[in-house]
Amino acid sequence: MLLRLNSNQFIDLNEINYLNNQPSFSIIEKLIAQQKNIPLCSNIDSRNKDTNAASTKLRKVFRTEKMIFEERGAKDLYLGYPFVQGKMLDDTPIRCPLLFFPVNLDLNQNEWVLNLRKDVGITFNKSLLLAFSHYNHISFDENFLEYDFSEHSLDSQEFRTELYQLLKNSPLELHFNQSTFEDLLQDFKHYTKSEFLTETSTGKLKMMQEAVIGIFPQAGSQLMPDYDFLLENERIKDLETFFQPEDQSDEAIKDVHAAKNAQEEELFTPYALDASQEQAIKTIKSGASIVVQGPPGSGKSQMICNLIVDYIARGKNVLLVCQKKAALDVVYQRLSEKSFNDFVALVHDFKNDRKHIYENINRQVESIDKFKKENNSLDAIYLERKFLQTSREIDQLCEELTEFKKALFDTKECGISIKELYLTSSMEYEVINLRREYNYFKFDKHQEVLRRLTGHIRFHVRLDTAAHLWYDRVSFHNFSIADLQQIEEVLNGNVSNSLRMRRRSSFRSAGSLVPM
């Protein structure tokens, strides 16, 4: 519902009234008559502030429309006339154009001019018709929704009479009045929501002689029939559940990711790709959904091109959707480099690009015999055999490299991979041969091993010298149980002798203290 006009997107056509020495309605008359370069007003006029104010608004609309086209490729500039306002049967407020005149706004030698866009005709405001159908529970014939005004009269009075007859025979109930057939426009009145609800009546829609040049996006209205069809056929209960995955359990996700990777001969990728891009494509082909991100130039568009070609080669249909026009253009350009543009339809604006799409389809139909001949030639058969042979060699090499990769990153042996051991070691340090013992050492416990080893080394430095008492010690390494018993006997015998010697020494000392 358009209650007021945003100066960056809209301008009331009546603001241009007599700025070019003609009434504002004459602009609509010239559009209906399909005239070219219809003057609006001067770009700059030092003698007329109204002209400068209108030119400023036109410039804002022009820049907004240019930005939208550069970003999304959509041409959403229309002249909306006449306007419909009122309430539906359920009190839903409505205020919008009945007809859209697709136009181009240009600056031509210090003068703003308006032209009807080529290959796009005057159309009904489909959003209005769909809203009327939804809220008033009335169905429109498809021919009425897509009515073509290309055969309309070039006279404005006759055009409005034909429009009146067309609406009279349709389910769309609009209140016509005498002003509808007057060659005069009204100022677009600004409302607050409460004011608009007060001035309008339930179930009554009136035609207003108002006209606005502005940005009226049309793409969203094409989704409503599909939603209504799904709801009417009870295929979905609400849109929220419709967009949820059928099974979000962890088991289901694991099953998808555990699917068998595509073999090399099942990959049709004519563009260069690295290992991560190839793995992403294999993951998608296994049935999983993924998110690919990266800075500009990292190969996202190239991976998308490979994925599109792969599915096209297997007879699948692919829809690529992007908000940015430049991103779609990059993908289309890369597909054209490999001559896939004959199988691709580039759509920025669903109305303006129809002619190009139809021409592309016609070219494909005419080239069917040529494609069949190329695909069935001896060169194509030889190329296919060579492709299969090379693909199987690649699969074999990949299996071998995968085994090497597993070995390099295997941590089962000692808690750390061979790759990390290699990268963290140095050939300059002394080496201890642990070929037989290494699997008894776990990397997460190596600090304790180092601590003990450091302690043993300190003892070794202190004890293993010629000056130390234990330097010529006997090794216990080869001693048996019998040797152990003999050692114990010797030690016990030495202890007994030592005790006797101490007792004798004590008696002698005590005897010397006894008086004679």
# chains A, B, ... in the order shown; residues from 1 in each chain; ligands from 1
>>> select_by_dssp(residues="stretch 381-455 of chain A", states="alpha helix (DSSP H)", output="PyMOL selection string")
chain A and resi 381-408+418-424+446-455
>>> residues_around(residues="A:Phe350", least_positions_apart="3", cutoff="10 Å", atoms="only C-alpha atoms", output="list in words")
Ala74, Lys75, Gln218, Ala219, Gln222, Leu346, Val347, Asp353, Arg354 and Ile357 of chain A
>>> residues_around(residues="stretch 193-208 of chain A", least_positions_apart="2", cutoff="10 Å", atoms="only C-alpha atoms", output="PyMOL selection string")
chain A and resi 1+3-4+81-98+136+172-177+179-180+185-188+190-191+210-211
>>> write_last_selection(atoms="N, CA and C atoms", output="JSON list (two decimals), in the first residue's frame")
[["chain", "number", "residue", "atom", "x", "y", "z"],
["A", 1, "MET", "N", 0.86, -1.18, 0.00],
["A", 1, "MET", "CA", 0.00, 0.00, 0.00],
["A", 1, "MET", "C", 0.89, 1.23, 0.00],
["A", 3, "LEU", "N", 1.09, 4.82, 0.68],
["A", 3, "LEU", "CA", 0.42, 5.95, 1.33],
["A", 3, "LEU", "C", 1.11, 7.27, 1.02],
["A", 4, "ARG", "N", 2.42, 7.25, 0.86],
["A", 4, "ARG", "CA", 3.17, 8.45, 0.55],
["A", 4, "ARG", "C", 4.34, 8.08, -0.34],
["A", 81, "TYR", "N", -0.48, 4.07, -13.54],
["A", 81, "TYR", "CA", -1.68, 4.87, -13.82],
["A", 81, "TYR", "C", -2.80, 3.92, -14.25],
["A", 82, "PRO", "N", -4.06, 4.19, -13.89],
["A", 82, "PRO", "CA", -4.53, 5.04, -12.79],
["A", 82, "PRO", "C", -4.33, 4.30, -11.47],
["A", 83, "PHE", "N", -4.61, 4.98, -10.36],
["A", 83, "PHE", "CA", -4.45, 4.36, -9.06],
["A", 83, "PHE", "C", -5.78, 3.81, -8.56],
["A", 84, "VAL", "N", -5.67, 2.73, -7.77],
["A", 84, "VAL", "CA", -6.84, 2.10, -7.14],
["A", 84, "VAL", "C", -6.66, 2.20, -5.64],
["A", 85, "GLN", "N", -7.70, 2.66, -4.94],
["A", 85, "GLN", "CA", -7.61, 2.73, -3.49],
["A", 85, "GLN", "C", -8.93, 2.33, -2.85],
["A", 86, "GLY", "N", -8.83, 1.78, -1.65],
["A", 86, "GLY", "CA", -10.01, 1.33, -0.92],
["A", 86, "GLY", "C", -9.65, 0.19, 0.01],
["A", 87, "LYS", "N", -10.66, -0.64, 0.32],
["A", 87, "LYS", "CA", -10.46, -1.78, 1.22],
["A", 87, "LYS", "C", -11.07, -3.03, 0.59],
["A", 88, "MET", "N", -10.42, -4.16, 0.87],
["A", 88, "MET", "CA", -10.96, -5.44, 0.47],
["A", 88, "MET", "C", -12.12, -5.82, 1.41],
["A", 89, "LEU", "N", -12.73, -6.96, 1.14],
["A", 89, "LEU", "CA", -13.86, -7.40, 1.96],
["A", 89, "LEU", "C", -13.47, -7.67, 3.40],
["A", 90, "ASP", "N", -12.20, -7.98, 3.63],
["A", 90, "ASP", "CA", -11.75, -8.23, 5.01],
["A", 90, "ASP", "C", -11.09, -7.00, 5.62],
["A", 91, "ASP", "N", -11.33, -5.82, 5.00],
["A", 91, "ASP", "CA", -10.80, -4.53, 5.46],
["A", 91, "ASP", "C", -9.30, -4.36, 5.22],
["A", 92, "THR", "N", -8.71, -5.18, 4.37],
["A", 92, "THR", "CA", -7.31, -4.97, 3.99],
["A", 92, "THR", "C", -7.21, -3.73, 3.11],
["A", 93, "PRO", "N", -6.42, -2.72, 3.49],
["A", 93, "PRO", "CA", -6.33, -1.49, 2.70],
["A", 93, "PRO", "C", -5.51, -1.69, 1.43],
["A", 94, "ILE", "N", -5.92, -1.00, 0.37],
["A", 94, "ILE", "CA", -5.25, -1.11, -0.93],
["A", 94, "ILE", "C", -5.06, 0.29, -1.50],
["A", 95, "ARG", "N", -3.84, 0.57, -1.96],
["A", 95, "ARG", "CA", -3.59, 1.79, -2.74],
["A", 95, "ARG", "C", -2.39, 1.53, -3.64],
["A", 96, "CYS", "N", -2.63, 1.39, -4.92],
["A", 96, "CYS", "CA", -1.57, 1.02, -5.86],
["A", 96, "CYS", "C", -2.04, 1.29, -7.28],
["A", 97, "PRO", "N", -1.13, 1.26, -8.27],
["A", 97, "PRO", "CA", -1.53, 1.47, -9.67],
["A", 97, "PRO", "C", -2.33, 0.28, -10.20],
["A", 98, "LEU", "N", -3.20, 0.56, -11.15],
["A", 98, "LEU", "CA", -3.92, -0.51, -11.86],
["A", 98, "LEU", "C", -3.09, -1.01, -13.03],
["A", 136, "ASN", "N", -10.63, -11.49, -1.54],
["A", 136, "ASN", "CA", -12.06, -11.51, -1.87],
["A", 136, "ASN", "C", -12.54, -12.88, -2.35],
["A", 172, "LEU", "N", -13.10, -8.27, -11.38],
["A", 172, "LEU", "CA", -12.53, -7.15, -10.64],
["A", 172, "LEU", "C", -13.54, -6.00, -10.58],
["A", 173, "GLU", "N", -14.03, -5.72, -9.41],
["A", 173, "GLU", "CA", -15.05, -4.68, -9.22],
["A", 173, "GLU", "C", -14.38, -3.37, -8.80],
["A", 174, "LEU", "N", -14.39, -2.41, -9.74],
["A", 174, "LEU", "CA", -13.83, -1.10, -9.49],
["A", 174, "LEU", "C", -14.89, -0.04, -9.74],
["A", 175, "HIS", "N", -14.85, 0.97, -8.91],
["A", 175, "HIS", "CA", -15.83, 2.06, -9.04],
["A", 175, "HIS", "C", -15.28, 3.12, -10.00],
["A", 176, "PHE", "N", -15.90, 3.19, -11.19],
["A", 176, "PHE", "CA", -15.52, 4.21, -12.16],
["A", 176, "PHE", "C", -16.34, 5.47, -11.89],
["A", 177, "ASN", "N", -15.74, 6.61, -12.19],
["A", 177, "ASN", "CA", -16.47, 7.88, -12.10],
["A", 177, "ASN", "C", -16.13, 8.74, -13.30],
["A", 179, "SER", "N", -14.44, 11.40, -13.55],
["A", 179, "SER", "CA", -13.07, 11.91, -13.63],
["A", 179, "SER", "C", -12.14, 10.93, -14.34],
["A", 180, "THR", "N", -12.52, 9.65, -14.41],
["A", 180, "THR", "CA", -11.68, 8.65, -15.07],
["A", 180, "THR", "C", -11.50, 8.97, -16.54],
["A", 185, "LEU", "N", -5.03, 15.04, -14.49],
["A", 185, "LEU", "CA", -4.50, 14.26, -13.38],
["A", 185, "LEU", "C", -4.69, 15.01, -12.06],
["A", 186, "GLN", "N", -4.84, 14.22, -11.01],
["A", 186, "GLN", "CA", -4.93, 14.79, -9.66],
["A", 186, "GLN", "C", -3.58, 14.66, -8.97],
["A", 187, "ASP", "N", -3.36, 15.54, -7.99],
["A", 187, "ASP", "CA", -2.16, 15.41, -7.17],
["A", 187, "ASP", "C", -2.24, 14.13, -6.35],
["A", 188, "PHE", "N", -1.09, 13.48, -6.20],
["A", 188, "PHE", "CA", -1.04, 12.28, -5.37],
["A", 188, "PHE", "C", -1.10, 12.70, -3.92],
["A", 190, "HIS", "N", -1.00, 12.49, 0.04],
["A", 190, "HIS", "CA", -0.30, 11.73, 1.08],
["A", 190, "HIS", "C", -1.23, 11.49, 2.27],
["A", 191, "TYR", "N", -1.21, 10.25, 2.77],
["A", 191, "TYR", "CA", -2.07, 9.85, 3.89],
["A", 191, "TYR", "C", -1.22, 9.30, 5.02],
["A", 210, "GLU", "N", -4.62, 9.49, -10.67],
["A", 210, "GLU", "CA", -3.28, 9.76, -10.16],
["A", 210, "GLU", "C", -2.27, 8.94, -10.95],
["A", 211, "ALA", "N", -1.07, 9.50, -11.12],
["A", 211, "ALA", "CA", -0.01, 8.82, -11.86],
["A", 211, "ALA", "C", 1.32, 9.07, -11.18]]
>>> atom_distance(atom1="atom CA of A:Leu99", atom2="atom CA of A:Gly80")
5.8 Å
>>> atom_distance(atom1="atom CA of A:Ile304", atom2="atom CA of A:Ser286")
16.1 Å
>>> residues_around(residues="A:Pro217", least_positions_apart="6", cutoff="12 Å", atoms="only C-alpha atoms", output="PyMOL selection string")
chain A and resi 9+65+68-69+72-78+80+100+102+125-127+349-351
>>> decode(residues="stretch 26-39 of chain A", atoms="N, CA, C and O atoms", output="CSV table (one decimal), in the first residue's frame")
chain,number,residue,atom,x,y,z
A,26,SER,N,-0.7,14.9,-20.7
A,26,SER,CA,-0.2,14.7,-22.1
A,26,SER,C,0.9,13.7,-22.1
A,26,SER,O,1.1,13.0,-23.2
A,27,ILE,N,1.6,13.5,-21.0
A,27,ILE,CA,2.7,12.5,-21.0
A,27,ILE,C,2.1,11.1,-21.1
A,27,ILE,O,2.6,10.2,-21.8
A,28,ILE,N,0.9,10.9,-20.4
A,28,ILE,CA,0.3,9.6,-20.5
A,28,ILE,C,-0.3,9.4,-21.9
A,28,ILE,O,-0.2,8.3,-22.5
A,29,GLU,N,-0.9,10.4,-22.5
A,29,GLU,CA,-1.4,10.3,-23.9
A,29,GLU,C,-0.3,9.9,-24.8
A,29,GLU,O,-0.5,9.1,-25.7
A,30,LYS,N,0.9,10.5,-24.7
A,30,LYS,CA,2.0,10.2,-25.6
A,30,LYS,C,2.5,8.8,-25.4
A,30,LYS,O,3.0,8.1,-26.3
A,31,LEU,N,2.5,8.3,-24.1
A,31,LEU,CA,2.9,6.9,-23.8
A,31,LEU,C,1.9,5.9,-24.5
A,31,LEU,O,2.3,4.9,-25.1
A,32,ILE,N,0.6,6.2,-24.4
A,32,ILE,CA,-0.4,5.4,-25.0
A,32,ILE,C,-0.2,5.4,-26.5
A,32,ILE,O,-0.3,4.3,-27.2
A,33,ALA,N,0.2,6.6,-27.1
A,33,ALA,CA,0.4,6.7,-28.5
A,33,ALA,C,1.7,6.2,-28.9
A,33,ALA,O,2.1,6.2,-30.1
A,34,GLN,N,2.6,5.7,-28.0
A,34,GLN,CA,3.9,5.1,-28.2
A,34,GLN,C,4.8,6.0,-28.9
A,34,GLN,O,5.6,5.7,-29.7
A,35,GLN,N,4.8,7.3,-28.5
A,35,GLN,CA,5.7,8.3,-29.0
A,35,GLN,C,7.1,8.1,-28.3
A,35,GLN,O,7.2,7.5,-27.2
A,36,LYS,N,8.1,8.6,-28.9
A,36,LYS,CA,9.5,8.5,-28.4
A,36,LYS,C,9.9,9.9,-27.8
A,36,LYS,O,9.5,10.9,-28.2
A,37,ASN,N,10.9,9.7,-26.8
A,37,ASN,CA,11.5,10.9,-26.3
A,37,ASN,C,10.5,11.9,-25.8
A,37,ASN,O,10.5,13.1,-26.2
A,38,ILE,N,9.6,11.5,-24.9
A,38,ILE,CA,8.5,12.4,-24.4
A,38,ILE,C,9.2,13.3,-23.4
A,38,ILE,O,9.7,12.9,-22.4
A,39,PRO,N,9.1,14.6,-23.6
A,39,PRO,CA,9.8,15.6,-22.7
A,39,PRO,C,9.0,15.7,-21.4
A,39,PRO,O,7.8,15.7,-21.3
